[in-house]
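Okay, structure first, notes after.
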Amino acid sequence: MTLNKFPLPDVGEGLTEAEIVSWKVKAGDTVAINDIICEIETAKSLVELPSPFAGTVTELLVPEGVTVEVGTPIISVTDAADAGPAAAPAPAAAPATAAAPGAADLPLYGKLEVQTSDAGELGSGPLVGSGPKADAVKRRQRIAATPAAAAASSVTPAGQPPAGPPAAVESHDIWISPPASAARESPAENQERPTFGGAISGLVNKVLAKPPVRKIARDLGIDLADVIPTGARGEVTREDLVSYQAQRDAEVDQADTFWGKTGRPQEQRIERIPVKGVRKATAKAMVESAFAAPHVSIFVDVDASRTMEFVKRLKVSRDFDGIKVSPLLILAKAVIWAAARNPSVNATWVDNPDGSDTAEIHVKHFMNLGIAAATPRGLMVPNIKNAQDLSLKELALALNDLAVTARAGKTQPAQMQGGTLTVTNIGALGIDTGTPIINPGEVAIVAFGTIKQKPWVLDGEVIPRWITTLGGSFDHRVVDGDLSARFMADVAAILEEPALLLD
């Protein structure tokens, strides 16, 4: 027997650790080469890992939610030659779905697969009241409208001893039966709800209780049908009401509120969220960027009315049919255009690796345009490779694909590496502007504020126009005040007059 252990690989450049988010296989499963075995969360994205081996899964070596270092074995798989015997027991499961009612090994509760019949045959599934609610929905048509048919539902499958009268049904069946309120509204569900008084009492929805107990229930506002009866004849007792009320009070005391659990000490109402994965990497990068690169920020108000008109025309254009178009597309094109006129904003400050004071500025004559995307897993900045070579339509398609992939958590590490300049669209959240932090390895970032109608002076007249505010942050070691101002003015010029893109 050959036992292969698969170590956690480096799925991205320089990856040191990753969290096992979810396993797609379990021990005993047969896998082929390149079958997806698990999802891992790296410092950059969510990645699906394919199996490098074919065979049978022997053991999952790392549980879900645990972060391990690259090189740590995470799963063991026997070779393909050993897969046959491991899969052999599978046919033995067939009788569970095809066995005759008289089979001695038929389980009382059965499996979901055998509960699909609506004919109400004995032994085709669990008794009424046992099993999840979803199965109860499937079985409604099997309940006859006569007491005799209802009483027959308490018979055990052939070949097994009777379970006794309905009064012997265990109390846990009550918890997983349909709610009493629903039973009163639907005759079919009412027939299906078991009680300790027997199947016939369930048909007429009669809850047994003495008059004093009923009065207490009315005073407390308790529906007797919601109480688990423990009396000798299946009736609700005074003790049952006391227990039910105590449980209800406890649920109220621990009910969720906006601020946490009421009635509990403050130290128990603090939610502790581990910092890991994307958020951990983002936090480290932002701290390093904020304190390593001397930031300078400038802002400019822009009349984007013609951009709004241009976007409106693109949306009805046949060439852009089926493509989502927004003002962000024009801003992205404006940033590329402005960077071509001011190349030093598309650069990187590189310290000397030997620790000396000498350093270099690497001006990049290509644009990997980063787009900051807020996702359920945290802030991600995938980038569009060689964005300077894309037409307006190609850029629109690239932006759409980037957004869909990021929101789905499927952005790959390679898509987040090598960015040269970033755009963050804070206007999508209704924010006017901000002072963004430069993405590590870059020297400039542009924040795009919301576009809304404001009074604007044009040719001496105050008229409503579509106005936005751009905010730019720059690494002052590379981009001084003059360069940053010229770059932002060029970006603003495109938003004010998109026709300049034709130059």
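Going by the structure tokens order, chains are called A, B, ..., each with residues numbered from 1, while ligands are numbered from 1 in the order shown.
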Subject >> Close residues, Glu442 in chain A itself excluded, 12 Å, only C-alpha atoms, min 3 positions apart in chain, as a PyMOL selection string >> reply: chain A and resi 285+289+292-293+295+344-350+361-364+367-370+417-423+437-439+445-446+473-479
Could you please take those selected residues and save C-alpha atoms as a PDB file, in the first residue's frame?
ATOM      1  CA  ALA A 285       0.234  46.132   4.303  1.00  0.00           C
ATOM      2  CA  SER A 289       2.433  51.734   3.662  1.00  0.00           C
ATOM      3  CA  ALA A 292       6.845  53.862   5.300  1.00  0.00           C
ATOM      4  CA  ALA A 293       5.619  56.114   2.484  1.00  0.00           C
ATOM      5  CA  HIS A 295       1.593  60.419   2.067  1.00  0.00           C
ATOM      6  CA  SER A 344       6.324  58.908 -12.627  1.00  0.00           C
ATOM      7  CA  VAL A 345       2.983  58.308 -10.873  1.00  0.00           C
ATOM      8  CA  ASN A 346       3.134  54.766 -12.248  1.00  0.00           C
ATOM      9  CA  ALA A 347       6.225  53.745 -10.351  1.00  0.00           C
ATOM     10  CA  THR A 348       7.695  51.992  -7.314  1.00  0.00           C
ATOM     11  CA  TRP A 349      10.143  53.192  -4.653  1.00  0.00           C
ATOM     12  CA  VAL A 350      12.741  50.447  -4.111  1.00  0.00           C
ATOM     13  CA  ILE A 361      12.636  54.646  -8.472  1.00  0.00           C
ATOM     14  CA  HIS A 362      11.299  52.099 -10.953  1.00  0.00           C
ATOM     15  CA  VAL A 363       9.045  53.836 -13.490  1.00  0.00           C
ATOM     16  CA  LYS A 364       6.871  51.225 -15.174  1.00  0.00           C
ATOM     17  CA  MET A 367      -0.282  49.844 -16.438  1.00  0.00           C
ATOM     18  CA  ASN A 368      -1.586  47.086 -14.156  1.00  0.00           C
ATOM     19  CA  LEU A 369      -4.590  49.062 -12.942  1.00  0.00           C
ATOM     20  CA  GLY A 370      -5.745  48.036  -9.455  1.00  0.00           C
ATOM     21  CA  GLN A 417       0.141  40.871  -7.727  1.00  0.00           C
ATOM     22  CA  GLY A 418       2.095  43.374  -9.760  1.00  0.00           C
ATOM     23  CA  GLY A 419      -0.268  46.347  -9.499  1.00  0.00           C
ATOM     24  CA  THR A 420       1.162  49.710 -10.532  1.00  0.00           C
ATOM     25  CA  LEU A 421      -1.586  52.256  -9.672  1.00  0.00           C
ATOM     26  CA  THR A 422      -4.941  51.896  -7.897  1.00  0.00           C
ATOM     27  CA  VAL A 423      -8.438  53.369  -8.128  1.00  0.00           C
ATOM     28  CA  ILE A 437      -3.777  54.838   1.695  1.00  0.00           C
ATOM     29  CA  ILE A 438      -1.424  53.911  -1.132  1.00  0.00           C
ATOM     30  CA  ASN A 439      -1.330  50.250  -2.045  1.00  0.00           C
ATOM     31  CA  ILE A 445      -4.009  56.018  -5.610  1.00  0.00           C
ATOM     32  CA  VAL A 446      -7.134  57.874  -6.776  1.00  0.00           C
ATOM     33  CA  SER A 473      -2.789  60.208  -2.285  1.00  0.00           C
ATOM     34  CA  PHE A 474       0.838  60.075  -3.377  1.00  0.00           C
ATOM     35  CA  ASP A 475       4.207  58.914  -2.074  1.00  0.00           C
ATOM     36  CA  HIS A 476       5.981  62.243  -1.704  1.00  0.00           C
ATOM     37  CA  ARG A 477       9.362  60.559  -2.141  1.00  0.00           C
ATOM     38  CA  VAL A 478       8.440  59.986  -5.789  1.00  0.00           C
ATOM     39  CA  VAL A 479       5.523  62.282  -6.609  1.00  0.00           C
TER      40      VAL A 479
END
**OP:** From a DSSP calculation on the backbone, collect every residue of range 429-494 of chain A in strand (DSSP E) and output the set as an MDAnalysis selection string.
**Re:** chainID A and resid 444:448 452:458 461:475
Next, dump the selected residues to file, keeping only C-alpha atoms, as a PDB file, in the first residue's frame.
ATOM      1  CA  ALA A 444      -0.347  56.772  -6.204  1.00  0.00           C
ATOM      2  CA  ILE A 445      -4.009  56.018  -5.610  1.00  0.00           C
ATOM      3  CA  VAL A 446      -7.134  57.874  -6.776  1.00  0.00           C
ATOM      4  CA  ALA A 447     -10.381  57.927  -4.780  1.00  0.00           C
ATOM      5  CA  PHE A 448     -13.539  58.453  -6.843  1.00  0.00           C
ATOM      6  CA  LYS A 452     -24.558  64.013  -7.557  1.00  0.00           C
ATOM      7  CA  GLN A 453     -26.262  67.140  -8.759  1.00  0.00           C
ATOM      8  CA  LYS A 454     -25.029  70.352  -7.150  1.00  0.00           C
ATOM      9  CA  PRO A 455     -25.291  74.041  -7.980  1.00  0.00           C
ATOM     10  CA  TRP A 456     -22.387  74.946 -10.273  1.00  0.00           C
ATOM     11  CA  VAL A 457     -21.332  78.254 -11.760  1.00  0.00           C
ATOM     12  CA  LEU A 458     -21.054  77.959 -15.545  1.00  0.00           C
ATOM     13  CA  GLU A 461     -24.840  81.345 -14.219  1.00  0.00           C
ATOM     14  CA  VAL A 462     -25.630  78.999 -11.362  1.00  0.00           C
ATOM     15  CA  ILE A 463     -27.069  75.797 -12.821  1.00  0.00           C
ATOM     16  CA  PRO A 464     -27.415  72.194 -11.582  1.00  0.00           C
ATOM     17  CA  ARG A 465     -24.562  69.965 -12.774  1.00  0.00           C
ATOM     18  CA  TRP A 466     -23.303  66.450 -11.982  1.00  0.00           C
ATOM     19  CA  ILE A 467     -20.383  67.064  -9.624  1.00  0.00           C
ATOM     20  CA  THR A 468     -17.859  64.672  -8.114  1.00  0.00           C
ATOM     21  CA  THR A 469     -14.751  65.086  -5.990  1.00  0.00           C
ATOM     22  CA  LEU A 470     -11.524  63.231  -6.710  1.00  0.00           C
ATOM     23  CA  GLY A 471      -9.046  62.558  -3.937  1.00  0.00           C
ATOM     24  CA  GLY A 472      -5.501  61.448  -4.644  1.00  0.00           C
ATOM     25  CA  SER A 473      -2.789  60.208  -2.285  1.00  0.00           C
ATOM     26  CA  PHE A 474       0.838  60.075  -3.377  1.00  0.00           C
ATOM     27  CA  ASP A 475       4.207  58.914  -2.074  1.00  0.00           C
TER      28      ASP A 475
END
Original post:
Between A:Val302, A:Leu399, A:Val381, A:Ala281, which has the minimum distance to Val325 in chain A (counting only C-alpha atoms)?
Top reply: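 Smallest distance to Val325 in chain A is found for A:Leu399.
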Please return, as a PDB file with C-alpha atoms, in the first residue's frame, all residues of range 411-441 of chain A that DSSP assigns to helix (DSSP H, G or I) on the basis of the backbone.
ATOM      1  CA  PRO A 413      -3.308  35.512  -5.980  1.00  0.00           C
ATOM      2  CA  ALA A 414      -1.807  36.212  -9.400  1.00  0.00           C
ATOM      3  CA  GLN A 415      -4.606  38.705 -10.090  1.00  0.00           C
ATOM      4  CA  MET A 416      -3.578  40.722  -7.028  1.00  0.00           C
ATOM      5  CA  ILE A 426     -15.813  55.151  -2.555  1.00  0.00           C
ATOM      6  CA  GLY A 427     -18.593  57.033  -4.355  1.00  0.00           C
ATOM      7  CA  ALA A 428     -20.471  53.763  -4.750  1.00  0.00           C
ATOM      8  CA  LEU A 429     -21.257  54.079  -1.017  1.00  0.00           C
TER       9      LEU A 429
END
**OP:** Considering only C-alpha atoms, return as a list in words whatever protein or nucleic-acid residues lie within 9 Å of Ser326 in chain A, sequence-local ones (same chain, fewer than 2 positions apart) excluded.
**Re:**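 The neighbour list is Met308, Val311, Lys312, Lys315, Lys324, Leu328, Leu329, Ile330 and Ala396 of chain A.
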Atoms kept (N, CA and C atoms) for selection, written as a PDB file, in the first residue's frame:
ATOM      1  N   MET A 308     -21.434  61.738 -17.508  1.00  0.00           N
ATOM      2  CA  MET A 308     -22.730  61.097 -17.302  1.00  0.00           C
ATOM      3  C   MET A 308     -23.482  60.957 -18.625  1.00  0.00           C
ATOM      4  N   VAL A 311     -21.743  58.139 -20.608  1.00  0.00           N
ATOM      5  CA  VAL A 311     -22.115  56.818 -20.080  1.00  0.00           C
ATOM      6  C   VAL A 311     -23.522  56.442 -20.526  1.00  0.00           C
ATOM      7  N   LYS A 312     -24.416  57.411 -20.538  1.00  0.00           N
ATOM      8  CA  LYS A 312     -25.786  57.159 -20.974  1.00  0.00           C
ATOM      9  C   LYS A 312     -25.826  56.716 -22.431  1.00  0.00           C
ATOM     10  N   LYS A 315     -24.539  53.079 -22.781  1.00  0.00           N
ATOM     11  CA  LYS A 315     -25.475  52.056 -22.315  1.00  0.00           C
ATOM     12  C   LYS A 315     -26.464  51.646 -23.398  1.00  0.00           C
ATOM     13  N   LYS A 324     -22.066  45.996 -18.612  1.00  0.00           N
ATOM     14  CA  LYS A 324     -22.338  47.006 -17.599  1.00  0.00           C
ATOM     15  C   LYS A 324     -21.377  48.177 -17.767  1.00  0.00           C
ATOM     16  N   LEU A 328     -17.240  54.705 -13.500  1.00  0.00           N
ATOM     17  CA  LEU A 328     -15.933  54.162 -13.119  1.00  0.00           C
ATOM     18  C   LEU A 328     -15.128  53.777 -14.355  1.00  0.00           C
ATOM     19  N   LEU A 329     -15.804  53.346 -15.403  1.00  0.00           N
ATOM     20  CA  LEU A 329     -15.113  53.003 -16.645  1.00  0.00           C
ATOM     21  C   LEU A 329     -14.383  54.212 -17.206  1.00  0.00           C
ATOM     22  N   ILE A 330     -15.051  55.360 -17.211  1.00  0.00           N
ATOM     23  CA  ILE A 330     -14.427  56.577 -17.748  1.00  0.00           C
ATOM     24  C   ILE A 330     -13.284  57.026 -16.842  1.00  0.00           C
ATOM     25  N   ALA A 396     -14.139  47.805 -20.194  1.00  0.00           N
ATOM     26  CA  ALA A 396     -15.430  47.593 -19.533  1.00  0.00           C
ATOM     27  C   ALA A 396     -15.629  46.114 -19.198  1.00  0.00           C
TER      28      ALA A 396
END
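If you look at CA of Ala374 in chain A and CA of Gly409 in chain A, they are 10.5 Å away from each other.
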Original post:
In Å, with one decimal, what is the gap from CA of Asp79 in chain A to CA of Ala18 in chain A?
Top reply: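 Answer for the CA of Asp79 in chain A to CA of Ala18 in chain A separation: 26.0 Å.
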**OP:** Would you list the contacts of Ala499 in chain A as an MDAnalysis selection string, taking every protein, DNA or RNA residue within 10 Å and counting only C-alpha atoms, but skipping same-chain residues closer than 5 positions in sequence?
**Re:** chainID A and resid 306:307 310 493:494
Resulting file, chosen residues, C-alpha atoms, as a PDB file, in the first residue's frame:
ATOM      1  CA  ARG A 306     -20.503  65.178 -19.873  1.00  0.00           C
ATOM      2  CA  THR A 307     -19.188  61.918 -18.449  1.00  0.00           C
ATOM      3  CA  PHE A 310     -21.319  59.760 -22.373  1.00  0.00           C
ATOM      4  CA  ALA A 493     -10.010  66.973 -17.586  1.00  0.00           C
ATOM      5  CA  ILE A 494     -11.148  63.613 -19.000  1.00  0.00           C
TER       6      ILE A 494
END
Original post:
Which value, in Å to one decimal, gives the distance between CA of Val275 in chain A and CA of Arg407 in chain A?
Top reply: 20.0 Å
**OP:** Excluding range 23-39 of chain A and any residue of its chain fewer than 3 positions from it, enumerate the residues within 8 Å of it, using only C-alpha atoms, and give them as an MDAnalysis selection string.
**Re:** chainID A and resid 20 46:60 64 83 86:87
